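Asks: First, the structure itself, so that you have it in front of you.
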Amino acid sequence: MPDEARRQGAERTLAASVIIPVFRDTERLRKCLRCLEQQTLPADRFEIIVVNNDPEEQLRLASATHRLVLLDEPTPGSYAARNRGLREARGEVLAFTDSDCLPEPDWLEQGLGALDAQGVDRVAGRVCVFALSDPPNAVECYETFFAFDQRSNVASGVAITANLLARASLFDKLGAFDDALLSGGDIEWNRRATEAGASLVFSDACRVLHPARSNWAEISKKVRRVVGGKVAIEPGYSISLIRSLLPPVEAGQRIFGTPGRPIRDKMLALAIAYRLKLYRYLIQRRVRSRSVCAER
């Protein structure tokens with residue numbers, strides 16, 4: 001079960017607290033922090049909380065213009081790290097992003113504005129995926145079509161913490177992320193919030209940038225993590241072998257229904273979509289086999 005959201009009851013003296021978990025990703029974290037130092041929201045209205053999830057590394061970070069809080073969380077997992085951050089947060093709104101994200105200069109201003117203008121509890125912003133290669137390779141092509149689809153997430157009542165702003169009072173009411181989960185904890189918490197009646201909207205103007213995964217090792221690692229998380233959250237989750245062998249029709253419709261992209265990019269993305277469809281089935285079987293063996 002999740003821990004309490006805030007054990008100490010820190011005073012809410014700021015408009016927002018930005019919470020960033022990090023695990024052996026210092027260089028990209030520094031780029032993220034530079035983006036946060038360029039926010040249009042005045043520096044005295046928000047704090048930045050970085051939670052180091054690697055007990056073997058000591059982070060050395062500083063900011064001359066912003067309140068930067070450095071914390072350590074030895075319990076493995078980004079949700080344990082986020083929970084450590086939110087217990088210390090002093091913002092009325094908790095803004096979550098990741099160490100490999102690059103928030104746009106008006107990210108916080110747009111997110112807070114959407115919360116207030118629409119009178120909602122949560123805002124999920126767009127995650128803009130960009131390729132590092134030119135032209136993009138096959139995995140990057142797939143990522144730019146499918147990665148981090150917050151609009152679809154919101155339609156399902158959930159959101160990911162690469163770009164999420166939520167009122168701190170909601171965590172006080174519902175509790176923290178389930179830190180027993182190593183994947184899918186943001187989906188689980190947001191589903192819990194939606195079921196409790198908390199409102200959620202998508203904001204296209206509240207944006208962070210995210211580099212596309214660029215090789216099979218990176219994207220397959222994500223699939224293993226996500227499928228494992230889904231099996232943990234939804235015990236009935238199952239992938240059919242027959243459906244896995246069929247061409248990815250829905251993916252193809254989305255790919256070829258997107259205007260302005262070269263046919264090369266679309267074909268490469270479709271090839272990765274089919275390969276991933278088969279791979280998800282194999283990973284699901286493997287995860288379930290381990291679960292069965294553990295129960296015996």
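Every chain in the structure tokens has a letter given in the order shown (A, B, ...), and although residue numbers restart at 1 in each chain, ligands are simply numbered from 1 in the order shown.
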Can you tell me, as number ranges by chain, what residues are no more than 6 Å from A:Leu165 when counting only C-alpha atoms, ignoring any on the same chain fewer than 3 positions away?
Replies: A: 94-95, 122-123
Asks: Taking C-alpha atoms for each residue, export the selection above as a tab-separated table (two decimals), in the first residue's frame.
Replies:
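Once everything was written out, this is out-v2.tsv:
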chain	number	residue	atom	x	y	z
A	94	LEU	CA	3.17	19.44	-7.50
A	95	ALA	CA	4.73	19.45	-10.96
A	122	ARG	CA	-4.76	17.76	-12.58
A	123	VAL	CA	-3.20	18.87	-15.86
Asks: Pick out the residues sitting within 9 Å of A:Leu86, and hand them over as a PDB file with all heavy atoms, in the first residue's frame; count only C-alpha atoms, and ignore anything fewer than 4 positions along from it in its own chain.
Replies:
ATOM      1  N   ALA A   5       1.087  10.614   1.830  1.00  0.00           N
ATOM      2  CA  ALA A   5       1.703  11.553   0.902  1.00  0.00           C
ATOM      3  C   ALA A   5       2.694  12.466   1.613  1.00  0.00           C
ATOM      4  O   ALA A   5       3.781  12.710   1.120  1.00  0.00           O
ATOM      5  CB  ALA A   5       0.625  12.379   0.206  1.00  0.00           C
ATOM      6  N   ARG A   6       2.314  12.999   2.776  1.00  0.00           N
ATOM      7  CA  ARG A   6       3.199  13.916   3.474  1.00  0.00           C
ATOM      8  C   ARG A   6       3.243  13.548   4.952  1.00  0.00           C
ATOM      9  O   ARG A   6       2.266  13.701   5.656  1.00  0.00           O
ATOM     10  CB  ARG A   6       2.704  15.353   3.309  1.00  0.00           C
ATOM     11  CG  ARG A   6       2.773  15.873   1.888  1.00  0.00           C
ATOM     12  CD  ARG A   6       2.785  17.379   1.881  1.00  0.00           C
ATOM     13  NE  ARG A   6       1.652  17.932   2.571  1.00  0.00           N
ATOM     14  CZ  ARG A   6       1.691  19.030   3.319  1.00  0.00           C
ATOM     15  NH1 ARG A   6       2.814  19.652   3.496  1.00  0.00           N
ATOM     16  NH2 ARG A   6       0.601  19.500   3.907  1.00  0.00           N
ATOM     17  N   SER A  17       5.921  23.082  -6.666  1.00  0.00           N
ATOM     18  CA  SER A  17       7.149  22.323  -6.402  1.00  0.00           C
ATOM     19  C   SER A  17       7.365  21.387  -7.579  1.00  0.00           C
ATOM     20  O   SER A  17       6.484  20.587  -7.901  1.00  0.00           O
ATOM     21  CB  SER A  17       7.033  21.503  -5.113  1.00  0.00           C
ATOM     22  OG  SER A  17       6.887  22.318  -3.981  1.00  0.00           O
ATOM     23  N   ILE A  19       9.174  18.222  -8.977  1.00  0.00           N
ATOM     24  CA  ILE A  19       9.790  17.026  -8.407  1.00  0.00           C
ATOM     25  C   ILE A  19      10.373  16.179  -9.523  1.00  0.00           C
ATOM     26  O   ILE A  19       9.660  15.784 -10.454  1.00  0.00           O
ATOM     27  CB  ILE A  19       8.772  16.222  -7.585  1.00  0.00           C
ATOM     28  CG1 ILE A  19       8.262  17.077  -6.414  1.00  0.00           C
ATOM     29  CG2 ILE A  19       9.392  14.928  -7.076  1.00  0.00           C
ATOM     30  CD1 ILE A  19       7.171  16.411  -5.599  1.00  0.00           C
ATOM     31  N   ILE A  49      12.853  20.217  -6.652  1.00  0.00           N
ATOM     32  CA  ILE A  49      13.261  19.135  -5.752  1.00  0.00           C
ATOM     33  C   ILE A  49      13.797  17.984  -6.592  1.00  0.00           C
ATOM     34  O   ILE A  49      13.062  17.396  -7.394  1.00  0.00           O
ATOM     35  CB  ILE A  49      12.090  18.650  -4.882  1.00  0.00           C
ATOM     36  CG1 ILE A  49      11.545  19.807  -4.037  1.00  0.00           C
ATOM     37  CG2 ILE A  49      12.523  17.490  -3.996  1.00  0.00           C
ATOM     38  CD1 ILE A  49      10.315  19.433  -3.221  1.00  0.00           C
ATOM     39  N   ALA A  81      11.196   7.540  -5.087  1.00  0.00           N
ATOM     40  CA  ALA A  81      11.894   8.831  -5.138  1.00  0.00           C
ATOM     41  C   ALA A  81      10.896   9.986  -5.198  1.00  0.00           C
ATOM     42  O   ALA A  81      11.064  11.005  -4.507  1.00  0.00           O
ATOM     43  CB  ALA A  81      12.828   8.867  -6.342  1.00  0.00           C
ATOM     44  N   ARG A  82       9.866   9.846  -6.006  1.00  0.00           N
ATOM     45  CA  ARG A  82       8.856  10.914  -6.084  1.00  0.00           C
ATOM     46  C   ARG A  82       8.153  11.091  -4.739  1.00  0.00           C
ATOM     47  O   ARG A  82       7.860  12.216  -4.323  1.00  0.00           O
ATOM     48  CB  ARG A  82       7.850  10.611  -7.196  1.00  0.00           C
ATOM     49  CG  ARG A  82       8.445  10.682  -8.592  1.00  0.00           C
ATOM     50  CD  ARG A  82       7.396  10.476  -9.677  1.00  0.00           C
ATOM     51  NE  ARG A  82       8.028  10.514 -10.994  1.00  0.00           N
ATOM     52  CZ  ARG A  82       8.384   9.434 -11.686  1.00  0.00           C
ATOM     53  NH1 ARG A  82       8.165   8.226 -11.192  1.00  0.00           N
ATOM     54  NH2 ARG A  82       8.955   9.551 -12.871  1.00  0.00           N
ATOM     55  N   ARG A  90       6.723  22.152  -0.779  1.00  0.00           N
ATOM     56  CA  ARG A  90       6.026  23.281  -0.170  1.00  0.00           C
ATOM     57  C   ARG A  90       5.113  24.000  -1.164  1.00  0.00           C
ATOM     58  O   ARG A  90       4.589  25.063  -0.864  1.00  0.00           O
ATOM     59  CB  ARG A  90       7.035  24.265   0.419  1.00  0.00           C
ATOM     60  CG  ARG A  90       7.843  23.655   1.560  1.00  0.00           C
ATOM     61  CD  ARG A  90       8.804  24.650   2.179  1.00  0.00           C
ATOM     62  NE  ARG A  90       9.545  24.041   3.281  1.00  0.00           N
ATOM     63  CZ  ARG A  90       9.096  23.962   4.536  1.00  0.00           C
ATOM     64  NH1 ARG A  90       7.911  24.438   4.827  1.00  0.00           N
ATOM     65  NH2 ARG A  90       9.828  23.396   5.469  1.00  0.00           N
ATOM     66  N   LEU A  94       2.003  20.291  -7.292  1.00  0.00           N
ATOM     67  CA  LEU A  94       3.170  19.441  -7.495  1.00  0.00           C
ATOM     68  C   LEU A  94       3.317  19.194  -8.987  1.00  0.00           C
ATOM     69  O   LEU A  94       2.403  18.672  -9.632  1.00  0.00           O
ATOM     70  CB  LEU A  94       3.010  18.125  -6.741  1.00  0.00           C
ATOM     71  CG  LEU A  94       2.743  18.272  -5.233  1.00  0.00           C
ATOM     72  CD1 LEU A  94       2.544  16.914  -4.597  1.00  0.00           C
ATOM     73  CD2 LEU A  94       3.866  19.033  -4.556  1.00  0.00           C
ATOM     74  N   ALA A 168      -1.534  19.714  -4.638  1.00  0.00           N
ATOM     75  CA  ALA A 168      -0.947  18.966  -3.516  1.00  0.00           C
ATOM     76  C   ALA A 168      -2.026  18.396  -2.606  1.00  0.00           C
ATOM     77  O   ALA A 168      -1.850  17.325  -2.024  1.00  0.00           O
ATOM     78  CB  ALA A 168      -0.016  19.885  -2.729  1.00  0.00           C
ATOM     79  N   PHE A 171      -2.900  14.754  -3.210  1.00  0.00           N
ATOM     80  CA  PHE A 171      -2.029  13.750  -2.591  1.00  0.00           C
ATOM     81  C   PHE A 171      -2.331  13.618  -1.100  1.00  0.00           C
ATOM     82  O   PHE A 171      -2.276  12.516  -0.541  1.00  0.00           O
ATOM     83  CB  PHE A 171      -0.565  14.096  -2.812  1.00  0.00           C
ATOM     84  CG  PHE A 171      -0.070  13.773  -4.192  1.00  0.00           C
ATOM     85  CD1 PHE A 171      -0.141  14.699  -5.212  1.00  0.00           C
ATOM     86  CD2 PHE A 171       0.454  12.517  -4.479  1.00  0.00           C
ATOM     87  CE1 PHE A 171       0.313  14.399  -6.489  1.00  0.00           C
ATOM     88  CE2 PHE A 171       0.902  12.201  -5.742  1.00  0.00           C
ATOM     89  CZ  PHE A 171       0.835  13.148  -6.755  1.00  0.00           C
ATOM     90  N   ALA A 176       0.152   8.747  -1.543  1.00  0.00           N
ATOM     91  CA  ALA A 176       1.266   8.887  -2.477  1.00  0.00           C
ATOM     92  C   ALA A 176       1.199   7.812  -3.559  1.00  0.00           C
ATOM     93  O   ALA A 176       0.244   7.044  -3.672  1.00  0.00           O
ATOM     94  CB  ALA A 176       2.579   8.803  -1.716  1.00  0.00           C
TER      95      ALA A 176
END
Asks: Return the single residue from A:Lys31, A:Arg60, A:Arg207, A:Lys222 that is closest to A:Asp106, with distances computed using only C-alpha atoms.
Replies: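 Once distances to A:Asp106 are computed over only C-alpha atoms, the minimum belongs to A:Arg207.
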Asks: Using atom CA of A:Val223 and atom CA of A:Arg280 as the two end points, give the distance in Å to one decimal.
Replies: 6.7 Å
Asks: So, with only C-alpha atoms as the atoms that count, which of A:Ser220, A:Leu182, A:Leu200, A:Thr40 lies closest to A:Pro103?
Replies: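 Using only C-alpha atoms, the shortest distance to A:Pro103 belongs to A:Thr40.
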Asks: Hey, what's within 10 Å of A:Gly77 if we count only C-alpha atoms and toss same-chain stuff fewer than 3 positions away? As a PyMOL selection string, please?
Replies: chain A and resi 21-23+53-54+73-74+80-82+179-183+185
Asks: Neighbours of stretch 192-195 of chain A within 10 Å (only C-alpha atoms; same-chain residues fewer than 4 positions away dropped), as a list of chain:residue names?
Replies: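 Near stretch 192-195 of chain A, the qualifying residues are A:Asp121, A:Arg122, A:Ser156, A:Gly157, A:Val158, A:Leu170, A:Phe171, A:Lys173, A:Leu174, A:Gly175, A:Phe177, A:Asp186, A:Ile187, A:Glu188, A:Ser199, A:Leu200.
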Asks: Find, counting only C-alpha atoms, the residue in A:Pro259, A:Gly184, A:Pro76, A:Gly125 that gets nearest to A:Ala232.
Replies: A:Gly184
